[in-house]
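Trainee: Got a structure for you, run-v9.tsv, holding TSV, C-alpha atoms.
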```tsv
chain	number	residue	atom	x	y	z
A	400	MET	CA	1.51	-76.65	90.80
A	401	ILE	CA	-1.27	-74.11	90.39
A	402	PHE	CA	-1.69	-73.31	94.06
A	403	GLN	CA	2.06	-72.74	94.46
A	404	ARG	CA	2.21	-70.26	91.59
A	405	ALA	CA	-0.91	-68.49	92.87
A	406	ALA	CA	0.50	-68.35	96.41
A	407	ILE	CA	3.93	-67.01	95.38
A	408	ARG	CA	2.33	-64.39	93.12
A	409	GLU	CA	0.05	-63.11	95.88
A	410	PHE	CA	2.85	-63.28	98.48
A	411	THR	CA	4.97	-61.04	96.26
A	412	HIS	CA	2.21	-58.49	95.60
A	413	THR	CA	1.29	-58.30	99.27
A	414	ALA	CA	4.94	-58.01	100.34
A	415	ALA	CA	5.48	-55.09	97.95
A	416	GLY	CA	2.57	-53.15	99.44
A	417	VAL	CA	3.55	-53.99	103.04
A	418	PHE	CA	7.19	-53.01	102.47
A	419	VAL	CA	6.27	-49.66	100.92
A	420	ALA	CA	3.95	-48.85	103.83
A	421	LEU	CA	6.45	-49.87	106.52
A	422	PHE	CA	9.34	-48.15	104.76
A	423	ALA	CA	7.35	-44.92	104.43
A	424	ILE	CA	6.47	-44.98	108.14
A	425	LEU	CA	10.10	-45.65	109.09
A	426	MET	CA	11.49	-42.90	106.86
A	427	THR	CA	8.90	-40.40	108.09
A	428	THR	CA	9.65	-41.00	111.77
A	429	GLN	CA	13.43	-40.92	111.22
A	430	LEU	CA	13.20	-37.79	109.08
A	431	ILE	CA	11.20	-36.00	111.78
A	432	ARG	CA	13.86	-36.87	114.38
A	433	LEU	CA	16.74	-35.77	112.17
A	434	LEU	CA	15.02	-32.53	111.21
A	435	GLY	CA	14.40	-31.85	114.90
A	436	ASP	CA	18.13	-32.32	115.60
A	437	ALA	CA	19.01	-30.06	112.67
A	438	ALA	CA	16.58	-27.37	113.83
A	439	GLY	CA	18.12	-27.49	117.30
A	440	GLY	CA	21.65	-27.06	115.94
A	441	LYS	CA	22.74	-30.57	116.96
A	442	LEU	CA	23.10	-31.68	113.37
A	443	ALA	CA	24.19	-29.98	110.18
A	444	SER	CA	21.32	-29.66	107.73
A	445	GLU	CA	23.45	-31.05	104.90
A	446	ALA	CA	23.95	-34.30	106.84
A	447	VAL	CA	20.23	-35.10	107.19
A	448	ILE	CA	19.86	-36.95	103.89
A	449	ALA	CA	23.05	-38.97	104.40
A	450	LEU	CA	22.08	-40.02	107.93
A	451	LEU	CA	18.59	-40.88	106.73
A	452	GLY	CA	20.07	-43.22	104.12
A	453	PHE	CA	22.40	-44.88	106.63
A	454	ARG	CA	19.54	-45.43	109.07
A	455	ALA	CA	17.39	-46.91	106.31
A	456	ILE	CA	20.09	-49.49	105.56
A	457	SER	CA	20.55	-50.36	109.24
A	458	TYR	CA	16.80	-50.90	109.76
A	459	LEU	CA	16.23	-52.86	106.53
A	460	PRO	CA	16.95	-56.36	107.99
A	461	VAL	CA	14.20	-56.02	110.62
A	462	LEU	CA	11.90	-54.32	108.10
A	463	LEU	CA	12.28	-57.09	105.52
A	464	SER	CA	11.81	-59.77	108.17
A	465	LEU	CA	8.54	-58.19	109.28
A	466	THR	CA	7.47	-57.73	105.64
A	467	VAL	CA	7.91	-61.44	104.81
A	468	PHE	CA	6.00	-62.49	107.94
A	469	ILE	CA	3.10	-60.09	107.34
A	470	ALA	CA	2.89	-60.93	103.62
A	471	VAL	CA	2.48	-64.67	104.24
A	472	LEU	CA	0.14	-64.08	107.17
A	473	MET	CA	-2.15	-61.66	105.31
A	474	THR	CA	-2.29	-63.75	102.14
A	475	LEU	CA	-3.21	-67.03	103.83
A	476	SER	CA	-5.60	-65.26	106.21
A	477	ARG	CA	-7.46	-63.87	103.20
A	478	TRP	CA	-7.58	-67.33	101.64
A	479	TYR	CA	-9.11	-68.71	104.85
A	480	ARG	CA	-11.57	-65.83	105.09
A	481	ASP	CA	-12.69	-66.18	101.45
A	482	SER	CA	-12.87	-70.00	101.76
A	483	GLU	CA	-10.14	-70.50	99.14
A	484	MET	CA	-8.08	-72.46	101.63
A	485	VAL	CA	-11.05	-74.73	102.29
A	486	VAL	CA	-11.16	-75.59	98.59
A	487	TRP	CA	-7.46	-76.43	98.49
A	488	LEU	CA	-7.64	-78.52	101.67
A	489	ALA	CA	-10.75	-80.33	100.41
A	490	SER	CA	-8.84	-81.16	97.21
A	491	GLY	CA	-6.44	-83.28	99.23
A	492	ILE	CA	-3.63	-80.72	99.64
A	493	PRO	CA	-2.35	-80.82	103.26
A	494	LEU	CA	-1.35	-77.72	105.15
A	495	THR	CA	2.31	-78.76	105.01
A	496	SER	CA	2.22	-78.37	101.21
A	497	TRP	CA	2.28	-74.59	101.72
A	498	VAL	CA	5.79	-74.83	103.17
A	499	VAL	CA	7.31	-75.19	99.69
A	500	PRO	CA	5.79	-72.01	98.13
A	501	VAL	CA	6.46	-70.07	101.33
A	502	LEU	CA	10.12	-71.11	101.25
A	503	LYS	CA	10.40	-70.28	97.53
A	504	PHE	CA	9.03	-66.83	98.28
A	505	SER	CA	10.96	-66.16	101.49
A	506	VAL	CA	14.44	-67.54	100.70
A	507	PRO	CA	15.48	-64.60	98.41
A	508	PRO	CA	14.48	-61.95	101.02
A	509	VAL	CA	16.19	-64.00	103.74
A	510	VAL	CA	19.41	-64.00	101.70
A	511	VAL	CA	19.12	-60.22	101.37
A	512	ILE	CA	18.49	-59.94	105.12
A	513	ALA	CA	21.62	-62.00	105.82
A	514	LEU	CA	23.76	-59.77	103.56
A	515	LEU	CA	22.35	-56.63	105.13
A	516	SER	CA	22.65	-57.89	108.69
A	517	LEU	CA	26.18	-59.29	108.38
A	518	LEU	CA	27.78	-56.77	106.02
A	519	LEU	CA	25.87	-53.63	105.05
A	520	ALA	CA	24.09	-52.70	108.29
A	521	PRO	CA	27.34	-52.58	110.36
A	522	TRP	CA	28.91	-50.36	107.70
A	523	ALA	CA	25.86	-48.06	107.77
A	524	ASN	CA	26.00	-47.90	111.57
A	525	TRP	CA	29.71	-47.04	111.41
A	526	LYS	CA	29.14	-44.25	108.89
A	527	SER	CA	26.21	-42.90	110.90
A	528	GLU	CA	28.22	-42.84	114.14
A	529	THR	CA	31.13	-41.16	112.32
A	530	TYR	CA	28.81	-38.40	111.14
A	531	ARG	CA	27.35	-38.06	114.61
A	532	GLN	CA	30.81	-37.85	116.18
A	533	THR	CA	31.86	-35.18	113.69
A	534	MET	CA	28.75	-33.13	114.38
A	535	ASN	CA	29.26	-33.35	118.15
A	536	GLN	CA	32.78	-31.90	117.84
A	537	ARG	CA	31.69	-28.77	116.01
A	538	ASP	CA	32.17	-25.38	117.63
A	539	ASP	CA	29.32	-23.10	118.73
A	540	VAL	CA	29.08	-21.17	115.48
A	541	ALA	CA	28.97	-24.33	113.39
A	542	ARG	CA	26.08	-25.50	115.56
A	543	VAL	CA	24.05	-22.38	114.88
A	544	SER	CA	20.96	-22.98	112.77
A	545	PRO	CA	20.09	-19.77	110.86
A	546	GLY	CA	16.75	-18.29	111.81
A	547	ALA	CA	16.51	-20.03	115.19
A	548	PHE	CA	17.70	-19.42	118.76
A	549	ASN	CA	20.52	-21.84	119.64
A	550	GLU	CA	22.15	-22.51	123.00
A	551	SER	CA	25.92	-22.91	123.27
A	552	SER	CA	27.44	-26.21	124.37
A	553	SER	CA	28.24	-24.74	127.82
A	554	ALA	CA	24.64	-23.44	128.18
A	555	ASP	CA	25.80	-19.91	129.10
A	556	ARG	CA	25.08	-18.19	125.78
A	557	VAL	CA	22.20	-18.02	123.34
A	558	PHE	CA	22.88	-17.26	119.67
A	559	PHE	CA	20.59	-16.01	116.96
A	560	VAL	CA	21.90	-15.65	113.41
A	561	GLU	CA	19.62	-14.65	110.59
A	562	SER	CA	21.85	-16.04	107.83
A	563	VAL	CA	25.29	-17.55	107.23
A	564	ALA	CA	27.05	-16.93	103.91
A	565	GLY	CA	30.39	-17.82	102.37
A	566	GLU	CA	33.19	-20.16	103.41
A	567	ASP	CA	34.83	-17.47	105.60
A	568	GLY	CA	32.07	-17.74	108.21
A	569	LYS	CA	30.32	-14.41	107.59
A	570	VAL	CA	27.08	-14.02	109.54
A	571	LYS	CA	24.35	-11.38	109.32
A	572	ASN	CA	22.01	-9.90	111.92
A	573	VAL	CA	23.57	-11.53	114.98
A	574	PHE	CA	22.03	-11.59	118.46
A	575	ILE	CA	23.97	-12.99	121.44
A	576	SER	CA	22.76	-13.18	125.02
A	577	SER	CA	25.31	-14.18	127.66
A	578	ILE	CA	25.87	-14.05	131.42
A	579	GLN	CA	29.29	-12.91	132.65
A	580	GLN	CA	30.07	-12.45	136.35
A	581	GLY	CA	26.38	-12.46	137.21
A	582	ARG	CA	25.51	-9.70	134.76
A	583	LEU	CA	23.35	-10.23	131.70
A	584	GLY	CA	24.83	-8.98	128.44
A	585	VAL	CA	23.00	-8.71	125.14
A	586	MET	CA	24.86	-7.93	121.92
A	587	ALA	CA	23.30	-7.10	118.56
A	588	THR	CA	24.99	-6.30	115.28
A	589	ALA	CA	24.23	-6.33	111.58
A	590	GLN	CA	27.14	-8.53	110.59
A	591	GLY	CA	30.15	-10.48	111.80
A	592	HIS	CA	32.69	-13.13	110.88
A	593	THR	CA	34.96	-15.75	112.43
A	594	GLU	CA	38.71	-15.40	112.95
A	595	THR	CA	41.38	-17.87	114.06
A	596	MET	CA	44.29	-16.54	116.11
A	597	GLY	CA	47.88	-17.70	115.98
A	598	ASN	CA	47.46	-19.93	119.05
A	599	GLY	CA	44.52	-21.72	117.46
A	600	ASP	CA	41.75	-19.96	119.42
A	601	ARG	CA	38.70	-19.08	117.37
A	602	PHE	CA	36.64	-15.92	117.81
A	603	LEU	CA	33.38	-14.60	116.47
A	604	VAL	CA	34.04	-10.95	115.56
A	605	LEU	CA	31.01	-8.66	115.67
A	606	ASP	CA	31.28	-5.49	113.56
A	607	ARG	CA	29.73	-2.16	114.58
A	608	GLY	CA	27.06	-3.11	117.06
A	609	ARG	CA	25.72	-2.48	120.57
A	610	ARG	CA	26.02	-4.25	123.90
A	611	TYR	CA	23.37	-3.91	126.62
A	612	GLU	CA	24.64	-4.96	130.05
A	613	GLY	CA	22.89	-5.08	133.40
A	614	THR	CA	21.58	-7.18	136.28
A	615	ALA	CA	18.35	-9.06	135.87
A	616	GLY	CA	15.52	-7.64	137.98
A	617	THR	CA	16.97	-4.12	138.21
A	618	ALA	CA	16.70	-1.01	136.03
A	619	GLU	CA	20.47	-0.39	135.95
A	620	TYR	CA	21.65	-1.07	132.44
A	621	ARG	CA	24.54	0.21	130.39
A	622	VAL	CA	24.49	0.65	126.63
A	623	MET	CA	27.81	0.47	124.82
A	624	GLU	CA	28.56	0.82	121.15
A	625	PHE	CA	31.54	-0.97	119.61
A	626	ASP	CA	33.32	-1.18	116.29
A	627	ARG	CA	34.57	-4.71	116.85
A	628	TYR	CA	33.67	-7.15	119.60
A	629	PHE	CA	35.44	-10.51	119.97
A	630	VAL	CA	33.50	-13.46	121.37
A	631	ARG	CA	35.58	-16.57	121.99
A	632	ILE	CA	34.12	-19.67	120.39
A	633	GLU	CA	34.15	-22.74	122.58
A	634	THR	CA	35.41	-25.85	120.84
A	635	LYS	CA	35.35	-29.44	121.94
A	636	GLU	CA	38.55	-31.38	122.06
A	637	ALA	CA	38.88	-33.81	119.19
A	638	ARG	CA	38.19	-37.31	120.41
A	639	GLY	CA	38.79	-40.62	118.74
A	640	PHE	CA	35.90	-42.53	117.31
A	641	GLU	CA	34.16	-44.48	120.06
A	642	ASP	CA	33.77	-47.88	118.45
A	643	SER	CA	30.98	-50.26	119.47
A	644	PRO	CA	30.02	-53.82	118.48
A	645	ARG	CA	27.21	-52.47	116.27
A	646	THR	CA	29.73	-50.70	114.06
A	647	LYS	CA	32.29	-53.51	113.80
A	648	SER	CA	32.61	-55.62	110.67
A	649	LEU	CA	32.01	-59.37	110.67
A	650	SER	CA	35.73	-60.12	110.46
A	651	ASP	CA	36.44	-57.88	113.49
A	652	LEU	CA	33.82	-59.69	115.55
A	653	LEU	CA	35.23	-63.11	114.63
A	654	ARG	CA	38.81	-61.97	115.26
A	655	ASP	CA	38.05	-60.82	118.82
A	656	PRO	CA	35.42	-63.19	120.33
A	657	GLN	CA	34.75	-61.33	123.57
A	658	PRO	CA	31.21	-61.52	125.05
A	659	ALA	CA	30.01	-58.20	123.60
A	660	HIS	CA	31.19	-59.18	120.12
A	661	LEU	CA	29.66	-62.65	120.37
A	662	ALA	CA	26.36	-61.10	121.44
A	663	GLU	CA	26.38	-58.83	118.37
A	664	LEU	CA	27.23	-61.83	116.18
A	665	LEU	CA	24.30	-63.73	117.71
A	666	TRP	CA	21.93	-60.89	116.78
A	667	ARG	CA	23.21	-60.61	113.21
A	668	ILE	CA	22.98	-64.34	112.55
A	669	GLY	CA	19.64	-64.55	114.34
A	670	LEU	CA	17.87	-62.05	112.07
A	671	PRO	CA	17.84	-64.18	108.87
A	672	LEU	CA	17.13	-67.35	110.86
A	673	ALA	CA	14.21	-65.63	112.58
A	674	ALA	CA	12.89	-64.34	109.25
A	675	LEU	CA	12.87	-67.88	107.82
A	676	ASN	CA	11.25	-69.32	110.94
A	677	LEU	CA	8.59	-66.59	111.00
A	678	ALA	CA	7.72	-67.07	107.33
A	679	VAL	CA	6.89	-70.76	107.89
A	680	LEU	CA	5.32	-70.02	111.28
A	681	ALA	CA	2.85	-67.69	109.55
A	682	ILE	CA	1.23	-70.70	107.81
A	683	PRO	CA	-0.49	-72.19	110.89
A	684	LEU	CA	-0.90	-68.73	112.45
A	685	ALA	CA	-2.92	-67.55	109.44
A	686	PHE	CA	-5.84	-69.85	110.26
A	687	VAL	CA	-9.12	-67.93	110.40
A	688	ASN	CA	-12.45	-69.32	111.50
A	689	PRO	CA	-15.06	-67.25	109.56
A	690	ARG	CA	-17.65	-67.92	112.26
A	691	ALA	CA	-15.38	-66.82	115.12
A	692	GLY	CA	-13.90	-63.70	113.53
A	693	ARG	CA	-10.40	-62.98	112.34
A	694	ALA	CA	-8.96	-60.82	115.10
A	695	ASN	CA	-7.82	-63.61	117.42
A	696	ASN	CA	-5.27	-65.15	115.06
A	697	LEU	CA	-3.84	-61.75	114.12
A	698	ILE	CA	-3.35	-60.82	117.77
A	699	PHE	CA	-1.70	-64.17	118.46
A	700	ALA	CA	0.57	-63.75	115.41
A	701	LEU	CA	1.59	-60.26	116.55
A	702	LEU	CA	2.36	-61.54	120.05
A	703	THR	CA	4.40	-64.39	118.57
A	704	TYR	CA	6.52	-61.96	116.56
A	705	MET	CA	7.05	-59.69	119.58
A	706	ILE	CA	7.99	-62.63	121.82
A	707	TYR	CA	10.41	-63.97	119.21
A	708	SER	CA	12.08	-60.58	118.79
A	709	ASN	CA	12.30	-59.99	122.54
A	710	LEU	CA	13.77	-63.46	123.13
A	711	LEU	CA	16.50	-62.67	120.60
A	712	SER	CA	17.23	-59.41	122.43
A	713	VAL	CA	17.30	-61.19	125.80
A	714	SER	CA	19.66	-63.86	124.45
A	715	GLN	CA	21.93	-61.15	123.07
A	716	ALA	CA	21.98	-59.35	126.43
A	717	TRP	CA	22.69	-62.55	128.37
A	718	VAL	CA	25.58	-63.49	126.08
A	719	ALA	CA	27.02	-59.98	126.42
A	720	GLN	CA	26.76	-60.23	130.23
A	721	GLY	CA	28.26	-63.73	130.32
A	722	LYS	CA	25.07	-65.32	131.68
A	723	LEU	CA	24.56	-67.51	128.61
A	724	ARG	CA	27.09	-69.29	126.44
A	725	PHE	CA	27.18	-68.24	122.82
A	726	GLU	CA	27.02	-71.87	121.67
A	727	ILE	CA	23.64	-72.21	123.41
A	728	GLY	CA	22.22	-68.78	122.70
A	729	ILE	CA	22.85	-68.99	118.95
A	730	TRP	CA	20.29	-71.80	118.50
A	731	ALA	CA	18.14	-72.01	121.65
A	732	VAL	CA	15.50	-69.41	120.68
A	733	HIS	CA	15.23	-70.61	117.08
A	734	VAL	CA	14.87	-74.26	118.09
A	735	GLY	CA	12.21	-73.28	120.62
A	736	MET	CA	10.22	-71.39	117.98
A	737	PHE	CA	10.65	-74.29	115.55
A	738	ALA	CA	9.18	-76.59	118.20
A	739	LEU	CA	6.21	-74.22	118.47
A	740	LEU	CA	5.94	-74.37	114.68
A	741	VAL	CA	5.69	-78.18	114.75
A	742	VAL	CA	3.05	-78.05	117.49
A	743	LEU	CA	0.92	-75.54	115.57
A	744	PHE	CA	1.13	-77.55	112.35
A	745	TYR	CA	0.05	-80.67	114.24
A	746	ARG	CA	-2.83	-78.81	115.84
A	747	ARG	CA	-4.11	-77.43	112.50
A	748	GLN	CA	-3.82	-80.73	110.65
A	749	ASN	CA	-5.20	-82.90	113.47
A	750	PRO	CA	-7.77	-80.79	115.33
A	751	LEU	CA	-9.68	-83.83	116.67
A	752	ALA	CA	-6.56	-85.58	117.95
A	753	TRP	CA	-5.42	-82.29	119.49
A	754	GLY	CA	-8.76	-81.94	121.26
A	755	ARG	CA	-8.56	-85.43	122.75
A	756	LEU	CA	-4.96	-84.82	123.80
A	757	ARG	CA	-5.91	-81.57	125.49
A	758	TRP	CA	-8.78	-83.09	127.48
A	759	ARG	CA	-6.82	-86.09	128.81
```
Show me the file's structure as structure tokens.
Mentor:
Amino acid sequence: MIFQRAAIREFTHTAAGVFVALFAILMTTQLIRLLGDAAGGKLASEAVIALLGFRAISYLPVLLSLTVFIAVLMTLSRWYRDSEMVVWLASGIPLTSWVVPVLKFSVPPVVVIALLSLLLAPWANWKSETYRQTMNQRDDVARVSPGAFNESSSADRVFFVESVAGEDGKVKNVFISSIQQGRLGVMATAQGHTETMGNGDRFLVLDRGRRYEGTAGTAEYRVMEFDRYFVRIETKEARGFEDSPRTKSLSDLLRDPQPAHLAELLWRIGLPLAALNLAVLAIPLAFVNPRAGRANNLIFALLTYMIYSNLLSVSQAWVAQGKLRFEIGIWAVHVGMFALLVVLFYRRQNPLAWGRLRWR
């Protein structure tokens, strides 16, 4: 039918614009956080792009769900505002007829959301946590960000390195401030490199520099020149990867149905179901009375989305804590929102009957 083709076409165009805007906001905020970690020496600069890609994949299910909901809501709200919906309704087309084009538009994104939520997002979370674990186990020199002051992992030394060159760990224009036995020591040299001893200990070797040593608050300082100065590099013990339900594959969750794994499974299955429910729920929520303004329905739609998302999170937490059975939590929220959907459809299609029912 004509109205179905027109609706699907406008849903698609609106969804493309909404997705680009939301994706740009998400990538900008995540990039700022990752660059901040890289500037502070907590993250290697070469890992920023990879982690940004993994985070994009992990956030895509929620992003696509919100995109579908907003696209249907904005399109139908515009039709109400421009009186196009009035024309269709006056032509004998009921409000329930919009369920078919909405489903035709939303089913492909929902399938993508299901694939991302069940398969790709856990893999992206696992890769991201692996990168993070690797970065956390780096030694002090590997944490140094050239051109910035960086604190050691034990918080007793401050490094400044102007540049790092070569695979042998050569550094140029090094500044190190440390406190040893209550005395402040400052070392400065034009160059240095890293060395690994026979027992596995690693040292930063400073070549031909000066050390200034004294007690803070007094004028007693000593100046020493050295040809080579060895600074032991603190390393963290290698630890195994700390697995979590977010990083486990679907088969691992099904193989070990403990409460935490069932809660994660509830969340992954709930995302595509919520996206489908929200897409249809946007039809009655999109109603706009031109005489009353258009802000009320948008606020109510936003609150509905937030409540739905929070209820999913609460159900997940209760299943993980053993307060709610998985068999109940997997459908309770979705059935409740579907009941709200039926009530809203009835209210929009039978406003007079709804008014009499409300005043009884």
Trainee: Just want the 12 Å neighbourhood of Lys503 in chain A, counted on all atoms listed in the file, with same-chain residues fewer than 3 positions away dropped. Output as a VMD selection string.
Mentor: chain A and resid 403 to 404 406 to 408 410 to 411 467 471 497 to 500 506 to 510 675 678 to 679
Trainee: Using all atoms listed in the file for the distances, tell me which of A:Trp730, A:Tyr479, A:Tyr611, A:Phe625 is nearest to Ile668 in chain A.
Mentor: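 Closest to Ile668 in chain A, using all atoms listed in the file: A:Trp730.
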Trainee: What gap, in Å, lies between CA of Leu743 in chain A and CA of Thr466 in chain A?
Mentor: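 Going from CA of Leu743 in chain A over to CA of Thr466 in chain A, I get 21.4 Å.
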Trainee: Leaving out Tyr628 in chain A and any residue of its chain fewer than 4 positions from it, which residues lie within 9 Å of it when counting only C-alpha atoms, given as a list in words?
Mentor: Leu603, Val604, Leu605, Asp606, Arg607 and Gly608 of chain A
Trainee: Save out the residues we just selected, C-alpha atoms, as an mmCIF file, in the coordinates of the input.
Mentor:
```cif
data_model
loop_
_atom_site.group_PDB
_atom_site.id
_atom_site.type_symbol
_atom_site.label_atom_id
_atom_site.label_comp_id
_atom_site.auth_asym_id
_atom_site.auth_seq_id
_atom_site.Cartn_x
_atom_site.Cartn_y
_atom_site.Cartn_z
ATOM 1 C CA LEU A 603 33.380 -14.600 116.470
ATOM 2 C CA VAL A 604 34.040 -10.950 115.560
ATOM 3 C CA LEU A 605 31.010 -8.660 115.670
ATOM 4 C CA ASP A 606 31.280 -5.490 113.560
ATOM 5 C CA ARG A 607 29.730 -2.160 114.580
ATOM 6 C CA GLY A 608 27.060 -3.110 117.060
#
```
Trainee: Quick check, in Å to one decimal: how far apart do CA of Val560 in chain A and CA of Arg582 in chain A lie?
Mentor: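 CA of Arg582 in chain A lies at a distance of 22.5 Å from CA of Val560 in chain A.
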Trainee: To one decimal in Å, tell me the separation between CA of Phe558 in chain A and CA of Ser576 in chain A.
Mentor: 6.7 Å
Trainee: Which polymer residues have any atom within 8 Å of an atom of Ala659 in chain A, counting only C-alpha atoms, with same-chain residues fewer than 6 positions away left out, as a PyMOL selection string?
Mentor: chain A and resi 644+718-720
Trainee: Neighbours of Ala455 in chain A within 8 Å (only C-alpha atoms; same-chain residues fewer than 3 positions away dropped), as a list of chain:residue names?
Mentor: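 Here the qualifying residues turn out to be A:Leu425, A:Met426, A:Leu451, A:Gly452, A:Tyr458, A:Leu459.
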Trainee: For range 588-602 of chain A, list every protein, DNA or RNA residue within 6 Å, evaluated using all atoms listed in the file, and leave out those in the same chain fewer than 4 positions away; present the list as a list in words.
Mentor: Gly568, Lys569, Val570, Lys571, Asn572, Val573, Asp606, Gly608, Phe629, Val630, Arg631 and Ile632 of chain A
Trainee: Which residues of range 428-507 of chain A sit at most 9 Å from range 521-530 of chain A, using all atoms listed in the file? Give each one's shortest atom pair and distance in Å (one decimal place), in chain and ascending residue order, as CSV.
Mentor:
```
residue,atom,partner,partner_atom,distance
A:Ala446,CA,A:Tyr530,CA,7.7
A:Ala449,CA,A:Ser527,CA,8.2
A:Leu450,CA,A:Ser527,CA,5.8
A:Leu451,CA,A:Ser527,CA,8.9
A:Gly452,CA,A:Ala523,CA,8.4
A:Phe453,CA,A:Ala523,CA,4.8
A:Arg454,CA,A:Ala523,CA,7.0
A:Ala455,CA,A:Ala523,CA,8.7
A:Ile456,CA,A:Ala523,CA,6.3
A:Ser457,CA,A:Ala523,CA,6.0
```
Trainee: For Tyr620 in chain A, which of A:Val734, A:Val585, A:Thr413, A:Leu502 is the closest residue, counting all atoms listed in the file?
Mentor: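 Among the listed residues, the smallest separation from Tyr620 in chain A belongs to A:Val585.
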Trainee: Out of A:Ala470, A:Ile706, A:Arg531, A:Phe418, which residue has the shortest atom-to-atom distance to Leu442 in chain A when counting only C-alpha atoms?
Mentor: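 Closest to Leu442 in chain A, using only C-alpha atoms: A:Arg531.
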Trainee: Will you model N, CA and C atoms for range 455-466 of chain A and pass it back as a PDB file, keeping the file's coordinate frame?
Mentor:
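Below is the file selection-v7.pdb, written as the result:
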```
ATOM      1  N   ALA A 455      18.252 -46.031 107.102  1.00  0.00           N
ATOM      2  CA  ALA A 455      17.390 -46.910 106.310  1.00  0.00           C
ATOM      3  C   ALA A 455      18.074 -48.261 106.096  1.00  0.00           C
ATOM      4  N   ILE A 456      19.367 -48.238 105.776  1.00  0.00           N
ATOM      5  CA  ILE A 456      20.090 -49.490 105.560  1.00  0.00           C
ATOM      6  C   ILE A 456      20.168 -50.301 106.853  1.00  0.00           C
ATOM      7  N   SER A 457      20.424 -49.635 107.973  1.00  0.00           N
ATOM      8  CA  SER A 457      20.550 -50.360 109.240  1.00  0.00           C
ATOM      9  C   SER A 457      19.242 -50.978 109.707  1.00  0.00           C
ATOM     10  N   TYR A 458      18.093 -50.361 109.346  1.00  0.00           N
ATOM     11  CA  TYR A 458      16.800 -50.900 109.760  1.00  0.00           C
ATOM     12  C   TYR A 458      16.217 -51.889 108.752  1.00  0.00           C
ATOM     13  N   LEU A 459      16.797 -52.003 107.571  1.00  0.00           N
ATOM     14  CA  LEU A 459      16.230 -52.860 106.530  1.00  0.00           C
ATOM     15  C   LEU A 459      16.126 -54.336 106.928  1.00  0.00           C
ATOM     16  N   PRO A 460      17.108 -54.942 107.626  1.00  0.00           N
ATOM     17  CA  PRO A 460      16.950 -56.360 107.990  1.00  0.00           C
ATOM     18  C   PRO A 460      15.680 -56.636 108.796  1.00  0.00           C
ATOM     19  N   VAL A 461      15.415 -55.825 109.814  1.00  0.00           N
ATOM     20  CA  VAL A 461      14.200 -56.020 110.620  1.00  0.00           C
ATOM     21  C   VAL A 461      12.963 -55.719 109.781  1.00  0.00           C
ATOM     22  N   LEU A 462      13.039 -54.703 108.933  1.00  0.00           N
ATOM     23  CA  LEU A 462      11.900 -54.320 108.100  1.00  0.00           C
ATOM     24  C   LEU A 462      11.546 -55.421 107.114  1.00  0.00           C
ATOM     25  N   LEU A 463      12.542 -56.009 106.473  1.00  0.00           N
ATOM     26  CA  LEU A 463      12.280 -57.090 105.520  1.00  0.00           C
ATOM     27  C   LEU A 463      11.759 -58.333 106.223  1.00  0.00           C
ATOM     28  N   SER A 464      12.291 -58.621 107.398  1.00  0.00           N
ATOM     29  CA  SER A 464      11.810 -59.770 108.170  1.00  0.00           C
ATOM     30  C   SER A 464      10.326 -59.620 108.502  1.00  0.00           C
ATOM     31  N   LEU A 465       9.951 -58.444 108.962  1.00  0.00           N
ATOM     32  CA  LEU A 465       8.540 -58.190 109.280  1.00  0.00           C
ATOM     33  C   LEU A 465       7.685 -58.215 108.015  1.00  0.00           C
ATOM     34  N   THR A 466       8.219 -57.741 106.898  1.00  0.00           N
ATOM     35  CA  THR A 466       7.470 -57.730 105.640  1.00  0.00           C
ATOM     36  C   THR A 466       7.140 -59.150 105.185  1.00  0.00           C
TER      37      THR A 466
END
```
